[in-house]
Amino acid sequence: MSYSNYPSSTSPENTGGSSPNDNRKLIYGILIAALVGTWGYILFDKNKSSEKINELTTQYTAADSSRSAVELEYNDALARMDSLTGSNTKLSGELAARKSQIDSLKNNIKNELAKKDADLKKVHQMVAQLNGKITDLLTQIDQLKQENQTLITANQDLTTQRDTVTAQKTRVEQTLTQTEADKEHVEDVGSTLHASNINIAAIDIKGSGKEKVTTTAKRTDVLRISFDLDENRIAPSGSKELYVCVTGPDGHPITIPANGSGTFTTRDEGDKVFTNKLDVQYEQGKRLPVSFDWKPETGKYQTGDYKIEIYQNGYKIGEGTKELKKGGLFS
(Lines give C-alpha, C1' and ligand atoms only; values in the text may rest on other atoms or scores of the structure.)
Protein backbone atom coordinates (compact mmCIF):
# COMPACT_ATOMS: atom_id res chain seq x y z
CA MET A 1 0.00 0.00 0.00
CA SER A 2 1.40 3.36 -1.06
CA TYR A 3 0.61 6.88 0.19
CA SER A 4 0.75 10.07 -1.85
CA ASN A 5 1.56 13.61 -0.62
CA TYR A 6 -0.82 15.18 -3.12
CA PRO A 7 -4.38 15.56 -2.35
CA SER A 8 -6.86 13.75 -4.32
CA SER A 9 -9.12 15.45 -6.79
CA THR A 10 -12.05 14.50 -4.79
CA SER A 11 -12.71 16.25 -1.51
CA PRO A 12 -12.73 14.10 1.36
CA GLU A 13 -15.51 14.44 3.83
CA ASN A 14 -14.91 16.90 6.61
CA THR A 15 -15.58 15.07 9.63
CA GLY A 16 -15.22 17.32 12.61
CA GLY A 17 -13.58 20.33 10.52
CA SER A 18 -14.83 23.94 9.98
CA SER A 19 -16.62 25.08 6.86
CA PRO A 20 -15.91 28.21 4.78
CA ASN A 21 -19.10 29.74 6.00
CA ASP A 22 -17.73 29.56 9.52
CA ASN A 23 -14.60 31.43 8.45
CA ARG A 24 -16.64 34.21 6.92
CA LYS A 25 -18.64 34.52 10.05
CA LEU A 26 -15.45 34.84 11.99
CA ILE A 27 -14.15 37.51 9.68
CA TYR A 28 -17.47 39.34 9.79
CA GLY A 29 -17.44 39.17 13.55
CA ILE A 30 -13.93 40.54 13.70
CA LEU A 31 -14.86 43.31 11.31
CA ILE A 32 -17.99 44.16 13.27
CA ALA A 33 -16.03 44.14 16.50
CA ALA A 34 -13.41 46.40 14.95
CA LEU A 35 -16.09 48.72 13.59
CA VAL A 36 -17.80 48.86 16.95
CA GLY A 37 -14.48 49.53 18.61
CA THR A 38 -13.72 52.26 16.11
CA TRP A 39 -17.03 53.95 16.65
CA GLY A 40 -16.59 53.55 20.34
CA TYR A 41 -13.20 55.17 20.13
CA ILE A 42 -14.59 57.94 17.95
CA LEU A 43 -17.40 58.55 20.40
CA PHE A 44 -14.96 58.48 23.28
CA ASP A 45 -12.57 60.84 21.53
CA LYS A 46 -15.45 63.12 20.62
CA ASN A 47 -16.52 63.23 24.23
CA LYS A 48 -12.94 63.99 25.24
CA SER A 49 -12.75 66.73 22.59
CA SER A 50 -16.03 68.19 23.78
CA GLU A 51 -14.73 68.19 27.31
CA LYS A 52 -11.51 69.85 26.10
CA ILE A 53 -13.49 72.42 24.12
CA ASN A 54 -15.70 73.11 27.10
CA GLU A 55 -12.61 73.46 29.26
CA LEU A 56 -10.94 75.78 26.77
CA THR A 57 -14.19 77.71 26.39
CA THR A 58 -14.37 78.05 30.15
CA GLN A 59 -10.75 79.16 30.28
CA TYR A 60 -11.29 81.63 27.41
CA THR A 61 -14.42 82.95 29.06
CA ALA A 62 -12.54 83.38 32.31
CA ALA A 63 -9.63 85.03 30.50
CA ASP A 64 -12.00 87.27 28.57
CA SER A 65 -13.78 88.13 31.80
CA SER A 66 -10.43 88.95 33.39
CA ARG A 67 -9.46 91.08 30.39
CA SER A 68 -12.82 92.87 30.55
CA ALA A 69 -12.39 93.47 34.26
CA VAL A 70 -8.88 94.83 33.73
CA GLU A 71 -10.04 96.99 30.81
CA LEU A 72 -12.96 98.25 32.89
CA GLU A 73 -10.59 99.10 35.72
CA TYR A 74 -8.29 100.78 33.21
CA ASN A 75 -11.16 102.76 31.66
CA ASP A 76 -12.26 103.88 35.13
CA ALA A 77 -8.72 105.12 35.72
CA LEU A 78 -8.81 106.94 32.38
CA ALA A 79 -12.14 108.54 33.34
CA ARG A 80 -10.59 109.79 36.58
CA MET A 81 -7.64 111.11 34.61
CA ASP A 82 -9.91 112.84 32.07
CA SER A 83 -11.78 114.49 34.93
CA LEU A 84 -8.47 115.56 36.38
CA THR A 85 -7.15 117.09 33.16
CA GLY A 86 -10.54 118.63 32.40
CA SER A 87 -10.59 120.67 35.59
CA ASN A 88 -6.85 121.31 35.65
CA THR A 89 -5.81 122.09 32.10
CA LYS A 90 -2.57 123.69 33.21
CA LEU A 91 -0.22 121.81 35.49
CA SER A 92 3.24 123.11 36.21
CA GLY A 93 6.41 122.06 37.95
CA GLU A 94 6.20 118.84 39.94
CA LEU A 95 2.55 118.29 38.99
CA ALA A 96 3.43 118.38 35.30
CA ALA A 97 6.17 115.79 35.90
CA ARG A 98 3.69 113.52 37.69
CA LYS A 99 1.26 113.95 34.84
CA SER A 100 4.01 112.92 32.39
CA GLN A 101 4.68 109.73 34.40
CA ILE A 102 0.97 108.91 34.36
CA ASP A 103 0.79 109.41 30.58
CA SER A 104 3.77 107.07 30.13
CA LEU A 105 2.15 104.41 32.29
CA LYS A 106 -1.10 104.78 30.32
CA ASN A 107 0.76 104.11 27.08
CA ASN A 108 2.40 100.99 28.56
CA ILE A 109 -1.00 99.64 29.66
CA LYS A 110 -2.53 100.43 26.29
CA ASN A 111 0.28 98.67 24.44
CA GLU A 112 0.04 95.58 26.66
CA LEU A 113 -3.75 95.35 26.26
CA ALA A 114 -3.31 95.55 22.48
CA LYS A 115 -1.41 92.24 22.55
CA LYS A 116 -3.41 89.09 21.82
CA ASP A 117 -1.64 87.24 24.64
CA ALA A 118 -1.63 90.22 27.01
CA ASP A 119 -0.24 89.56 30.48
CA LEU A 120 -3.36 90.50 32.41
CA LYS A 121 -1.63 90.10 35.75
CA LYS A 122 0.99 92.61 34.67
CA VAL A 123 -1.73 94.91 33.30
CA HIS A 124 -3.65 94.66 36.57
CA GLN A 125 -0.53 95.66 38.49
CA MET A 126 0.10 98.57 36.13
CA VAL A 127 -3.53 99.74 36.44
CA ALA A 128 -3.22 99.58 40.22
CA GLN A 129 -0.03 101.62 39.95
CA LEU A 130 -1.84 104.06 37.62
CA ASN A 131 -4.69 104.49 40.09
CA GLY A 132 -2.20 105.11 42.86
CA LYS A 133 -0.44 107.81 40.88
CA ILE A 134 -3.76 109.43 39.91
CA THR A 135 -4.90 109.35 43.54
CA ASP A 136 -1.63 110.96 44.66
CA LEU A 137 -1.95 113.61 41.97
CA LEU A 138 -5.57 114.33 42.89
CA THR A 139 -4.62 114.59 46.55
CA GLN A 140 -1.83 117.02 45.74
CA ILE A 141 -4.11 119.06 43.48
CA ASP A 142 -6.79 119.20 46.19
CA GLN A 143 -4.15 120.39 48.63
CA LEU A 144 -3.02 123.02 46.16
CA LYS A 145 -6.64 124.07 45.62
CA GLN A 146 -7.05 124.54 49.36
CA GLU A 147 -3.81 126.51 49.50
CA ASN A 148 -4.94 128.51 46.47
CA GLN A 149 -8.28 129.23 48.12
CA THR A 150 -6.40 130.40 51.19
CA LEU A 151 -4.30 132.63 48.97
CA ILE A 152 -7.44 133.90 47.21
CA THR A 153 -9.00 134.76 50.57
CA ALA A 154 -5.78 136.42 51.69
CA ASN A 155 -5.59 138.26 48.37
CA GLN A 156 -9.18 139.42 48.77
CA ASP A 157 -8.30 140.69 52.24
CA LEU A 158 -5.25 142.43 50.80
CA THR A 159 -7.39 143.85 48.00
CA THR A 160 -9.87 145.16 50.55
CA GLN A 161 -7.04 146.62 52.59
CA ARG A 162 -5.50 148.06 49.42
CA ASP A 163 -8.82 149.61 48.42
CA THR A 164 -9.18 151.02 51.93
CA VAL A 165 -5.64 152.39 51.83
CA THR A 166 -6.27 153.72 48.31
CA ALA A 167 -9.45 155.43 49.48
CA GLN A 168 -7.60 156.85 52.48
CA LYS A 169 -4.74 157.88 50.21
CA THR A 170 -7.22 159.57 47.87
CA ARG A 171 -8.81 161.41 50.78
CA VAL A 172 -5.37 162.39 52.07
CA GLU A 173 -4.35 163.56 48.60
CA GLN A 174 -7.59 165.50 48.28
CA THR A 175 -6.98 166.97 51.72
CA LEU A 176 -3.39 167.77 50.77
CA THR A 177 -4.56 169.28 47.50
CA GLN A 178 -7.14 171.35 49.33
CA THR A 179 -4.57 172.22 51.98
CA GLU A 180 -2.09 173.18 49.27
CA ALA A 181 -4.76 175.24 47.55
CA ASP A 182 -5.65 176.86 50.87
CA LYS A 183 -1.96 177.42 51.54
CA GLU A 184 -1.50 178.99 48.13
CA HIS A 185 -4.57 181.10 48.70
CA VAL A 186 -3.26 182.19 52.10
CA GLU A 187 0.14 182.92 50.58
CA ASP A 188 -1.52 184.74 47.71
CA VAL A 189 -3.62 186.82 50.06
CA GLY A 190 -0.74 187.14 52.48
CA SER A 191 1.56 188.36 49.71
CA THR A 192 -0.89 191.13 48.84
CA LEU A 193 0.54 194.45 49.91
CA HIS A 194 -1.19 196.84 52.26
CA ALA A 195 -1.28 200.60 51.95
CA SER A 196 -1.19 202.78 55.07
CA ASN A 197 -0.71 206.46 55.90
CA ILE A 198 -2.86 207.37 52.92
CA ASN A 199 -2.92 211.12 52.35
CA ILE A 200 -4.54 213.20 49.64
CA ALA A 201 -3.45 216.82 49.39
CA ALA A 202 -4.86 219.48 47.08
CA ILE A 203 -1.91 221.48 45.75
CA ASP A 204 -2.02 225.04 44.39
CA ILE A 205 1.05 225.66 42.24
CA LYS A 206 2.01 229.31 41.95
CA GLY A 207 3.55 230.88 38.90
CA SER A 208 6.90 230.83 40.60
CA GLY A 209 6.56 227.08 41.09
CA LYS A 210 5.91 227.38 44.75
CA GLU A 211 3.36 224.93 46.04
CA LYS A 212 0.63 225.60 48.56
CA VAL A 213 -1.94 223.27 50.06
CA THR A 214 -5.51 224.39 49.43
CA THR A 215 -9.02 223.10 50.01
CA THR A 216 -10.86 224.92 47.23
CA ALA A 217 -11.58 223.31 43.89
CA LYS A 218 -10.78 226.29 41.68
CA ARG A 219 -7.31 226.77 43.18
CA THR A 220 -6.36 223.07 43.03
CA ASP A 221 -3.88 222.25 40.31
CA VAL A 222 -3.15 218.60 41.26
CA LEU A 223 -4.15 216.11 43.89
CA ARG A 224 -1.03 214.64 45.47
CA ILE A 225 -1.72 211.12 46.65
CA SER A 226 0.78 209.51 49.00
CA PHE A 227 0.83 206.31 51.03
CA ASP A 228 3.16 203.65 52.34
CA LEU A 229 3.34 200.03 51.18
CA ASP A 230 3.85 198.23 54.48
CA GLU A 231 6.45 195.57 55.21
CA ASN A 232 5.50 192.13 53.90
CA ARG A 233 7.63 189.04 54.54
CA ILE A 234 5.69 186.88 52.07
CA ALA A 235 5.49 189.09 49.01
CA PRO A 236 8.58 188.48 46.85
CA SER A 237 10.70 191.38 45.76
CA GLY A 238 10.05 192.76 42.32
CA SER A 239 7.76 194.91 40.25
CA LYS A 240 4.26 195.40 41.62
CA GLU A 241 1.29 196.77 39.70
CA LEU A 242 -0.90 199.27 41.51
CA TYR A 243 -4.23 200.39 40.12
CA VAL A 244 -5.64 203.74 41.25
CA CYS A 245 -9.36 204.32 40.84
CA VAL A 246 -10.66 207.90 41.20
CA THR A 247 -14.38 208.50 41.56
CA GLY A 248 -15.60 212.09 41.06
CA PRO A 249 -18.14 213.99 43.16
CA ASP A 250 -20.84 212.90 40.66
CA GLY A 251 -20.18 209.22 41.56
CA HIS A 252 -18.71 208.27 38.19
CA PRO A 253 -15.20 206.86 37.73
CA ILE A 254 -12.80 209.28 36.16
CA THR A 255 -10.75 207.97 33.24
CA ILE A 256 -7.77 209.60 31.63
CA PRO A 257 -7.16 207.92 28.24
CA ALA A 258 -3.89 209.84 27.84
CA ASN A 259 -2.58 208.06 30.93
CA GLY A 260 -3.76 204.63 29.75
CA SER A 261 -6.95 204.27 31.81
CA GLY A 262 -8.72 200.95 31.35
CA THR A 263 -10.24 198.04 33.27
CA PHE A 264 -8.81 195.30 35.46
CA THR A 265 -10.27 192.32 37.33
CA THR A 266 -10.68 192.43 41.07
CA ARG A 267 -11.07 189.39 43.35
CA ASP A 268 -14.29 190.58 44.99
CA GLU A 269 -15.86 193.20 42.71
CA GLY A 270 -15.36 191.79 39.23
CA ASP A 271 -14.12 194.10 36.49
CA LYS A 272 -13.45 197.71 37.52
CA VAL A 273 -12.36 200.86 35.73
CA PHE A 274 -9.02 202.26 36.81
CA THR A 275 -7.88 205.83 36.39
CA ASN A 276 -4.15 205.31 36.61
CA LYS A 277 -1.71 202.42 36.77
CA LEU A 278 1.58 202.49 38.66
CA ASP A 279 4.54 200.10 38.56
CA VAL A 280 6.69 200.18 41.69
CA GLN A 281 9.73 198.15 42.73
CA TYR A 282 9.07 196.49 46.04
CA GLU A 283 11.67 194.89 48.30
CA GLN A 284 10.46 192.03 50.48
CA GLY A 285 10.05 192.88 54.15
CA LYS A 286 10.58 196.61 53.72
CA ARG A 287 8.29 199.64 53.80
CA LEU A 288 8.01 201.57 50.52
CA PRO A 289 6.70 205.17 50.34
CA VAL A 290 4.71 205.91 47.19
CA SER A 291 3.62 209.32 45.98
CA PHE A 292 2.15 210.57 42.70
CA ASP A 293 0.19 213.57 41.43
CA TRP A 294 -3.13 213.20 39.71
CA LYS A 295 -4.72 215.86 37.55
CA PRO A 296 -7.98 215.69 35.60
CA GLU A 297 -7.78 215.78 31.83
CA THR A 298 -9.49 219.18 31.71
CA GLY A 299 -7.27 220.56 34.44
CA LYS A 300 -10.31 221.62 36.44
CA TYR A 301 -11.77 220.05 39.56
CA GLN A 302 -15.37 219.89 40.61
CA THR A 303 -16.39 220.72 44.11
CA GLY A 304 -17.29 217.81 46.34
CA ASP A 305 -15.73 214.57 47.51
CA TYR A 306 -13.16 212.69 45.46
CA LYS A 307 -12.81 209.04 46.37
CA ILE A 308 -9.48 207.39 45.64
CA GLU A 309 -9.02 203.57 45.85
CA ILE A 310 -5.75 201.66 45.51
CA TYR A 311 -5.68 198.01 44.29
CA GLN A 312 -2.90 195.42 44.11
CA ASN A 313 -3.09 191.70 43.30
CA GLY A 314 -6.82 192.09 42.66
CA TYR A 315 -7.52 193.32 46.20
CA LYS A 316 -8.24 196.80 47.49
CA ILE A 317 -5.29 197.71 49.68
CA GLY A 318 -6.34 201.19 50.74
CA GLU A 319 -8.61 204.15 50.03
CA GLY A 320 -9.11 207.77 50.97
CA THR A 321 -11.30 210.78 50.19
CA LYS A 322 -10.60 214.42 49.58
CA GLU A 323 -13.20 217.16 49.71
CA LEU A 324 -12.72 220.20 47.53
CA LYS A 325 -14.81 223.17 48.52
CA LYS A 326 -16.18 225.96 46.53
CA GLY A 327 -13.98 228.98 47.00
CA GLY A 328 -15.23 232.25 48.54
CA LEU A 329 -15.05 235.72 47.11
CA PHE A 330 -11.45 236.24 48.12
CA SER A 331 -10.28 232.64 48.10
# chains A, B, ... in the order shown; residues from 1 in each chain; ligands from 1
call {"tool": "select_by_dssp", "arguments": {"residues": "region 53-258 of chain A", "states": "strand (DSSP E or B)", "output": "PyMOL selection string"}}
result
chain A and resi 195-205+211-214+216+222-229+238-247+253
call {"tool": "write_last_selection", "arguments": {"atoms": "N, CA and C atoms", "output": "short mmCIF file (atom, residue, chain, number, x, y, z; two decimals), in the first residue's frame"}}
result
data_model
loop_
_atom_site.label_atom_id
_atom_site.label_comp_id
_atom_site.auth_asym_id
_atom_site.auth_seq_id
_atom_site.Cartn_x
_atom_site.Cartn_y
_atom_site.Cartn_z
N ALA A 195 -1.64 199.18 51.98
CA ALA A 195 -1.28 200.60 51.95
C ALA A 195 -1.75 201.27 53.25
N SER A 196 -0.86 202.04 53.85
CA SER A 196 -1.19 202.78 55.07
C SER A 196 -0.72 204.23 54.92
N ASN A 197 -1.10 205.03 55.91
CA ASN A 197 -0.71 206.46 55.90
C ASN A 197 -1.16 207.14 54.60
N ILE A 198 -2.35 206.79 54.16
CA ILE A 198 -2.86 207.37 52.92
C ILE A 198 -3.18 208.86 53.15
N ASN A 199 -2.70 209.67 52.24
CA ASN A 199 -2.92 211.12 52.35
C ASN A 199 -3.21 211.69 50.97
N ILE A 200 -4.19 212.55 50.89
CA ILE A 200 -4.54 213.20 49.64
C ILE A 200 -4.49 214.70 49.89
N ALA A 201 -3.61 215.37 49.20
CA ALA A 201 -3.45 216.82 49.39
C ALA A 201 -3.77 217.56 48.10
N ALA A 202 -4.57 218.62 48.22
CA ALA A 202 -4.86 219.48 47.08
C ALA A 202 -3.76 220.53 47.01
N ILE A 203 -3.08 220.59 45.87
CA ILE A 203 -1.91 221.48 45.75
C ILE A 203 -2.22 222.60 44.76
N ASP A 204 -1.91 223.85 45.25
CA ASP A 204 -2.02 225.04 44.39
C ASP A 204 -0.60 225.41 44.01
N ILE A 205 -0.31 225.37 42.71
CA ILE A 205 1.05 225.66 42.24
C ILE A 205 1.08 227.10 41.70
N GLU A 211 4.57 225.72 45.81
CA GLU A 211 3.36 224.93 46.04
C GLU A 211 2.73 225.32 47.36
N LYS A 212 1.37 225.27 47.35
CA LYS A 212 0.63 225.60 48.56
C LYS A 212 -0.58 224.69 48.66
N VAL A 213 -0.79 224.16 49.83
CA VAL A 213 -1.94 223.27 50.06
C VAL A 213 -3.19 224.13 50.12
N THR A 214 -4.25 223.66 49.45
CA THR A 214 -5.51 224.39 49.43
C THR A 214 -6.66 223.41 49.63
N THR A 216 -9.84 224.47 48.18
CA THR A 216 -10.86 224.92 47.23
C THR A 216 -10.61 224.30 45.87
N VAL A 222 -3.31 220.08 41.26
CA VAL A 222 -3.15 218.60 41.26
C VAL A 222 -3.56 218.08 42.62
N LEU A 223 -3.96 216.84 42.64
CA LEU A 223 -4.15 216.11 43.89
C LEU A 223 -2.92 215.23 44.08
N ARG A 224 -2.24 215.43 45.16
CA ARG A 224 -1.03 214.64 45.47
C ARG A 224 -1.44 213.50 46.41
N ILE A 225 -1.33 212.31 45.89
CA ILE A 225 -1.72 211.12 46.65
C ILE A 225 -0.45 210.44 47.15
N SER A 226 -0.40 210.18 48.42
CA SER A 226 0.78 209.51 49.00
C SER A 226 0.32 208.44 49.99
N PHE A 227 1.11 207.39 50.08
CA PHE A 227 0.83 206.31 51.03
C PHE A 227 2.08 205.46 51.17
N ASP A 228 2.05 204.58 52.14
CA ASP A 228 3.16 203.65 52.34
C ASP A 228 2.71 202.23 52.02
N LEU A 229 3.55 201.48 51.31
CA LEU A 229 3.34 200.03 51.18
C LEU A 229 4.06 199.39 52.35
N GLY A 238 10.25 192.62 43.75
CA GLY A 238 10.05 192.76 42.32
C GLY A 238 9.04 193.83 42.01
N SER A 239 8.70 193.89 40.72
CA SER A 239 7.76 194.91 40.25
C SER A 239 6.34 194.55 40.69
N LYS A 240 5.64 195.57 41.19
CA LYS A 240 4.26 195.40 41.62
C LYS A 240 3.39 196.41 40.86
N GLU A 241 2.23 195.90 40.41
CA GLU A 241 1.29 196.77 39.70
C GLU A 241 0.26 197.30 40.69
N LEU A 242 0.09 198.61 40.67
CA LEU A 242 -0.90 199.27 41.51
C LEU A 242 -1.91 199.96 40.59
N TYR A 243 -3.17 199.73 40.89
CA TYR A 243 -4.23 200.39 40.12
C TYR A 243 -4.91 201.44 41.02
N VAL A 244 -5.02 202.65 40.50
CA VAL A 244 -5.64 203.74 41.25
C VAL A 244 -6.96 204.10 40.57
N CYS A 245 -8.02 204.02 41.36
CA CYS A 245 -9.36 204.32 40.84
C CYS A 245 -9.85 205.62 41.51
N VAL A 246 -10.18 206.62 40.69
CA VAL A 246 -10.66 207.90 41.20
C VAL A 246 -12.12 208.05 40.81
N THR A 247 -12.95 208.29 41.80
CA THR A 247 -14.38 208.50 41.56
C THR A 247 -14.69 209.96 41.87
N PRO A 253 -16.67 206.99 37.77
CA PRO A 253 -15.20 206.86 37.73
C PRO A 253 -14.62 207.81 36.70
#
call {"tool": "residues_around", "arguments": {"residues": "Thr263 (chain A)", "least_positions_apart": "2", "cutoff": "10 Å", "atoms": "only C-alpha atoms", "output": "JSON, numbers by chain"}}
result
{"A": [243, 245, 255, 260, 261, 265, 266, 271, 272, 273, 274, 275]}
call {"tool": "closest_residue", "arguments": {"among": "A:Ala97, A:Val123, A:Leu278, A:Leu151", "to": "Leu137 (chain A)", "atoms": "only C-alpha atoms"}}
result
A:Ala97
call {"tool": "select_by_dssp", "arguments": {"residues": "region 97-295 of chain A", "states": "helix (DSSP H, G or I)", "output": "ChimeraX atom specification"}}
result
/A:97-114,120-190,257-259
call {"tool": "residues_around", "arguments": {"residues": "Asn131 (chain A)", "least_positions_apart": "6", "cutoff": "10 Å", "atoms": "only C-alpha atoms", "output": "list in words"}}
result
Glu73, Tyr74, Asp76, Ala77, Leu78, Arg80, Met81, Ile102, Gln125 and Leu137 of chain A
call {"tool": "closest_residue", "arguments": {"among": "A:Ile254, A:Ala79, A:Ala217, A:Ile310", "to": "His194 (chain A)", "atoms": "only C-alpha atoms"}}
result
A:Ile310
call {"tool": "atom_distance", "arguments": {"atom1": "CA of Ala258 (chain A)", "atom2": "CA of Ser291 (chain A)"}}
result
19.6 Å
call {"tool": "closest_residue", "arguments": {"among": "A:Thr220, A:Ile256, A:Leu288, A:Ile27", "to": "Lys326 (chain A)", "atoms": "only C-alpha atoms"}}
result
A:Thr220
call {"tool": "atom_distance", "arguments": {"atom1": "CA of Glu112 (chain A)", "atom2": "CA of Met126 (chain A)"}}
result
9.9 Å
call {"tool": "closest_residue", "arguments": {"among": "A:Lys48, A:Ile234, A:Asn259, A:Arg24", "to": "Lys277 (chain A)", "atoms": "only C-alpha atoms"}}
result
A:Asn259
